[in-house]
Every structure is written in structure tokens, then in C-alpha cells.
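Source file: data_20.pdb. Holds: PDB, C-alpha atoms.
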```pdb
ATOM      1  CA  MET A 260     122.333  77.988 110.788
ATOM      2  CA  CYS A 261     125.394  78.287 108.564
ATOM      3  CA  ALA A 262     128.745  77.315 109.981
ATOM      4  CA  TYR A 263     130.641  76.189 106.902
ATOM      5  CA  CYS A 264     132.487  79.271 105.623
ATOM      6  CA  GLY A 265     134.022  80.652 108.790
ATOM      7  CA  CYS A 266     132.258  84.023 108.631
ATOM      8  CA  GLN A 267     131.099  83.646 112.229
ATOM      9  CA  ALA A 268     134.721  84.052 113.297
ATOM     10  CA  LEU A 269     134.140  87.755 112.633
ATOM     11  CA  GLU A 270     132.594  89.409 115.680
ATOM     12  CA  THR A 271     129.955  91.388 113.808
ATOM     13  CA  ILE A 272     128.814  88.396 111.750
ATOM     14  CA  ASP A 273     128.744  86.263 114.882
ATOM     15  CA  LEU A 274     126.557  88.850 116.620
ATOM     16  CA  LEU A 275     124.230  89.142 113.615
ATOM     17  CA  THR A 276     123.981  85.342 113.549
ATOM     18  CA  MET A 277     123.135  85.197 117.255
ATOM     19  CA  GLU A 278     120.436  87.801 116.658
ATOM     20  CA  HIS A 279     119.079  85.680 113.812
ATOM     21  CA  GLU A 280     118.931  82.718 116.183
ATOM     22  CA  ARG A 281     117.035  84.815 118.761
ATOM     23  CA  ILE A 282     114.584  85.899 116.077
ATOM     24  CA  VAL A 283     114.049  82.305 114.904
ATOM     25  CA  THR A 284     113.260  81.307 118.488
ATOM     26  CA  LEU A 285     110.783  84.171 118.796
ATOM     27  CA  ILE A 286     109.178  83.165 115.484
ATOM     28  CA  SER A 287     108.542  79.693 116.889
ATOM     29  CA  HIS A 288     106.847  81.266 119.928
ATOM     30  CA  VAL A 289     104.677  83.416 117.659
ATOM     31  CA  ARG A 290     103.606  80.305 115.762
ATOM     32  CA  ASP A 291     102.695  78.613 119.046
ATOM     33  CA  ALA A 292     100.686  81.665 120.121
ATOM     34  CA  HIS A 293      98.943  81.738 116.729
ATOM     35  CA  ARG A 294      97.918  78.085 117.044
ATOM     36  CA  ALA A 295      96.551  78.847 120.519
ATOM     37  CA  GLY A 296      94.689  81.929 119.286
ATOM     38  CA  GLU A 297      96.677  84.214 121.596
ATOM     39  CA  ILE A 298      96.691  87.365 119.482
ATOM     40  CA  THR A 299      97.874  89.679 122.267
ATOM     41  CA  ARG A 300     100.803  87.353 122.952
ATOM     42  CA  MET A 301     101.599  87.342 119.234
ATOM     43  CA  ALA A 302     101.757  91.135 119.316
ATOM     44  CA  GLY A 303     104.074  91.109 122.334
ATOM     45  CA  LEU A 304     106.388  88.659 120.611
ATOM     46  CA  ALA A 305     106.277  90.732 117.413
ATOM     47  CA  ARG A 306     107.423  93.734 119.457
ATOM     48  CA  GLN A 307     110.308  91.637 120.827
ATOM     49  CA  ILE A 308     111.294  90.689 117.279
ATOM     50  CA  THR A 309     111.181  94.368 116.320
ATOM     51  CA  ALA A 310     113.431  95.230 119.269
ATOM     52  CA  VAL A 311     116.053  92.815 117.933
ATOM     53  CA  LEU A 312     115.553  93.678 114.267
ATOM     54  CA  GLY A 313     115.804  97.465 114.569
ATOM     55  CA  PRO A 314     119.484  97.657 115.583
ATOM     56  CA  HIS A 315     120.273  94.504 113.600
ATOM     57  CA  THR A 316     118.903  96.015 110.399
ATOM     58  CA  ARG A 317     120.868  99.233 110.960
ATOM     59  CA  VAL A 318     124.132  97.266 111.045
ATOM     60  CA  GLU A 319     123.191  95.457 107.857
ATOM     61  CA  GLU A 320     121.884  98.480 105.949
ATOM     62  CA  GLN A 321     124.413 101.039 107.142
ATOM     63  CA  GLY A 322     127.454  98.777 107.312
ATOM     64  CA  LEU A 323     127.273  95.464 105.516
ATOM     65  CA  PHE A 324     124.959  96.145 102.570
ATOM     66  CA  PRO A 325     126.719  99.315 101.334
ATOM     67  CA  ALA A 326     129.949  97.334 101.112
ATOM     68  CA  LEU A 327     128.239  94.674  98.971
ATOM     69  CA  VAL A 328     125.839  96.708  96.832
ATOM     70  CA  ALA A 329     128.283  97.341  93.972
ATOM     71  CA  GLU A 330     128.900  93.621  93.566
ATOM     72  CA  PHE A 331     125.305  92.450  94.222
ATOM     73  CA  PRO A 332     122.938  95.385  93.560
ATOM     74  CA  GLU A 333     119.759  93.403  92.828
ATOM     75  CA  LYS A 334     120.205  91.043  95.772
ATOM     76  CA  ILE A 335     120.872  93.876  98.210
ATOM     77  CA  ALA A 336     117.878  95.848  96.902
ATOM     78  CA  ALA A 337     115.668  92.786  97.348
ATOM     79  CA  LEU A 338     116.901  92.263 100.908
ATOM     80  CA  GLU A 339     116.277  95.916 101.777
ATOM     81  CA  ASP A 340     112.767  95.659 100.299
ATOM     82  CA  GLU A 341     112.127  92.604 102.460
ATOM     83  CA  HIS A 342     113.319  94.561 105.503
ATOM     84  CA  ARG A 343     110.665  97.214 104.779
ATOM     85  CA  ARG A 344     107.878  94.692 104.191
ATOM     86  CA  ILE A 345     108.714  92.768 107.348
ATOM     87  CA  ALA A 346     109.032  95.924 109.473
ATOM     88  CA  ALA A 347     105.664  97.225 108.262
ATOM     89  CA  VAL A 348     103.741  94.163 109.438
ATOM     90  CA  LEU A 349     105.697  93.921 112.698
ATOM     91  CA  ALA A 350     104.968  97.606 113.371
ATOM     92  CA  GLU A 351     101.256  96.852 113.384
ATOM     93  CA  ALA A 352     101.820  95.133 116.744
ATOM     94  CA  GLU A 353     102.070  98.654 118.182
ATOM     95  CA  GLY A 354      98.667  99.643 116.839
ATOM     96  CA  PRO A 355      95.110  98.368 116.750
ATOM     97  CA  PHE A 356      96.087  94.806 115.738
ATOM     98  CA  LEU A 357      93.084  93.425 117.614
ATOM     99  CA  ALA A 358      90.785  95.374 115.302
ATOM    100  CA  ASP A 359      92.285  93.761 112.184
ATOM    101  CA  PRO A 360      91.293  90.119 111.884
ATOM    102  CA  THR A 361      93.806  89.634 109.040
ATOM    103  CA  TRP A 362      96.829  90.686 111.083
ATOM    104  CA  PRO A 363      97.595  87.350 112.793
ATOM    105  CA  ASP A 364      97.727  85.470 109.485
ATOM    106  CA  ARG A 365      99.656  88.283 107.797
ATOM    107  CA  LEU A 366     102.134  88.199 110.675
ATOM    108  CA  ILE A 367     102.621  84.444 110.246
ATOM    109  CA  GLU A 368     103.185  84.923 106.494
ATOM    110  CA  THR A 369     105.615  87.751 107.173
ATOM    111  CA  LEU A 370     107.536  85.693 109.685
ATOM    112  CA  ALA A 371     107.877  82.926 107.092
ATOM    113  CA  LEU A 372     109.385  85.568 104.802
ATOM    114  CA  LEU A 373     111.664  86.683 107.642
ATOM    115  CA  ARG A 374     112.833  83.109 108.182
ATOM    116  CA  GLU A 375     113.698  82.792 104.474
ATOM    117  CA  HIS A 376     115.342  86.226 104.594
ATOM    118  CA  ILE A 377     117.569  85.087 107.452
ATOM    119  CA  LEU A 378     118.682  82.078 105.428
ATOM    120  CA  LYS A 379     119.525  84.328 102.458
ATOM    121  CA  GLU A 380     121.700  86.467 104.679
ATOM    122  CA  GLN A 381     123.430  83.620 106.452
ATOM    123  CA  ASP A 382     123.944  81.447 103.400
ATOM    124  CA  GLY A 383     124.580  84.283 100.933
ATOM    125  CA  VAL A 384     125.330  87.720 102.339
ATOM    126  CA  PHE A 385     127.586  86.718 105.232
ATOM    127  CA  PRO A 386     129.811  84.364 103.195
ATOM    128  CA  ALA A 387     129.898  86.932 100.356
ATOM    129  CA  ALA A 388     131.008  89.582 102.825
ATOM    130  CA  LEU A 389     133.741  87.319 104.127
ATOM    131  CA  ALA A 390     134.973  86.679 100.607
ATOM    132  CA  ASN A 391     134.624  90.182  99.148
ATOM    133  CA  LEU A 392     135.046  92.900 101.760
ATOM    134  CA  SER A 393     138.348  94.687 102.143
ATOM    135  CA  ILE A 394     139.875  95.491 105.509
ATOM    136  CA  GLU A 395     138.637  99.069 105.164
ATOM    137  CA  GLU A 396     135.095  97.885 104.409
ATOM    138  CA  TRP A 397     135.156  95.574 107.447
ATOM    139  CA  GLU A 398     136.335  98.487 109.570
ATOM    140  CA  ALA A 399     133.332 100.504 108.366
ATOM    141  CA  VAL A 400     130.967  97.629 109.201
ATOM    142  CA  GLU A 401     132.563  97.282 112.632
ATOM    143  CA  ALA A 402     132.168 101.035 113.222
ATOM    144  CA  VAL A 403     128.419 100.787 112.566
ATOM    145  CA  ALA A 404     128.198  97.788 114.901
ATOM    146  CA  ARG A 405     130.096  99.641 117.641
ATOM    147  CA  LEU A 406     127.782 102.633 117.275
ATOM    148  CA  ARG A 407     124.799 100.313 117.609
ATOM    149  CA  ASP A 408     126.306  98.748 120.735
ATOM    150  CA  GLN A 409     127.028 102.181 122.241
ATOM    151  CA  ARG A 410     123.454 103.270 121.535
ATOM    152  CA  ALA A 411     122.125 100.098 123.197
ATOM    153  CA  THR A 412     124.269 100.734 126.266
ATOM    154  CA  VAL A 413     122.965 104.286 126.596
ATOM    155  CA  GLU A 414     119.362 103.164 126.102
ATOM    156  CA  HIS A 415     119.818 100.461 128.723
ATOM    157  CA  ARG A 416     121.226 102.964 131.222
ATOM    158  CA  LEU A 417     118.367 105.359 130.520
ATOM    159  CA  GLY A 418     115.785 102.599 130.667
ATOM    160  CA  THR A 419     114.491 103.402 127.188
ATOM    161  CA  HIS A 420     115.161 100.056 125.501
TER     162      HIS A 420
END
```
Go ahead and render the structure in this file as C-alpha cells.
Amino acid sequence: MCAYCGCQALETIDLLTMEHERIVTLISHVRDAHRAGEITRMAGLARQITAVLGPHTRVEEQGLFPALVAEFPEKIAALEDEHRRIAAVLAEAEGPFLADPTWPDRLIETLALLREHILKEQDGVFPAALANLSIEEWEAVEAVARLRDQRATVEHRLGTH
């Protein structure tokens, strides 16, 4: 993963990067399960990816992307579209995935897209944020991240995570 611009010195970017690394690890496990024909395991791993991506995507879409959209409208729109496409296929892990023989291959294709998406964020969005966001914009991003962390703490205490 990227380490050349210094953006990981910012707590929120560092956390987003760590989440990307967790997702990449999970993707490798999904690929292993796919090769072994373990569809149920693939679905379980897809749900784990979704658990990481849900809060992660909120920080990006409610904090980071709004601060960058004026400067990079097409790129941000494309990233948000990819978020929707990826989430839709991952969400099928909650449903009758065993009844759809195309789902395992579609999941693998979607995870390849997710891997490329991660690289776009780490090599493009994060350095662009470092270079372009004002102090006030970073404070807004940090506020979204703190809200996400508070929500996670409450969910953990309630056992609803």
C-alpha cells in the first residue's frame, strides 16, 4: 500500500488504510474459498468485508469525498458508483446466494473491482486530500470519523456489531 506522500500520518487516513489492508486480507481468503468451492465460507467472508466497508464508506462519503468533490467531481462520482456496485454484490451474501450459481464468480469479479478501488483511493484520493483539504475540511472529516468510532463503541457494548 501507499506510503510515499505522508498521508498516513493523519489518523483518519491511517485508519482508512488499515481498513483497506484488512479488506485485502479478507479478499485473499475469499479467493482461497472460491478455489476450494466453499461458497458458504465465501458468503461469511463477504459479510466480514461488508462489516468493515459499511463504516469505512460512511467516513469516505460523508467526510472525505464532500471535501474533494468540487476539485474532482467525476472521480468522486465514479468512486461512489463503485461503492454502490460493490455493496450490492456483497449484500447478496445475506440472501439466497446458494440459489444463484453466478454469485461466486460475480463476487470474485466484484472483489477485483474493490481491490482496484482501494488502490485508486490510496494512490489518488488520500494524497489529494492531504494536498488539498483545508484545516476546516480535515476537522469535518475527523468529526465523521469520530462519529463512526462512537457508533462502533455503542454497537460493541450492545452486542449489535
Selection dump of the PyMOL selection byres ((chain A and resi 308) around 10), as a PyMOL selection string: chain A and resi 278-279+281-286+289+302-307+309-313+346+349+370
Shortest interatomic distance to Glu401 (chain A) - which of A:Pro363, A:Pro355, A:Gly322, A:Gly296, counting only C-alpha atoms: A:Gly322
Selection result of the PyMOL selection byres ((chain A and resi 271) around 10) on this file, as JSON, numbers by chain: {"A": [266, 267, 268, 269, 270, 272, 273, 274, 275, 276, 277, 318, 319, 323, 397, 400, 401, 402, 403, 404, 405]}
Residues matched by the PyMOL selection byres ((chain A and resi 344) around 12) as a list of chain:residue names: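 When the PyMOL selection byres ((chain A and resi 344) around 12) is applied to the shown file, the picked residues are A:Ala337, A:Leu338, A:Glu339, A:Asp340, A:Glu341, A:His342, A:Arg343, A:Ile345, A:Ala346, A:Ala347, A:Val348, A:Leu349, A:Ala350, A:Glu351, A:Arg365, A:Leu366, A:Glu368, A:Thr369, A:Leu370, A:Leu372, A:Leu373, A:His376.
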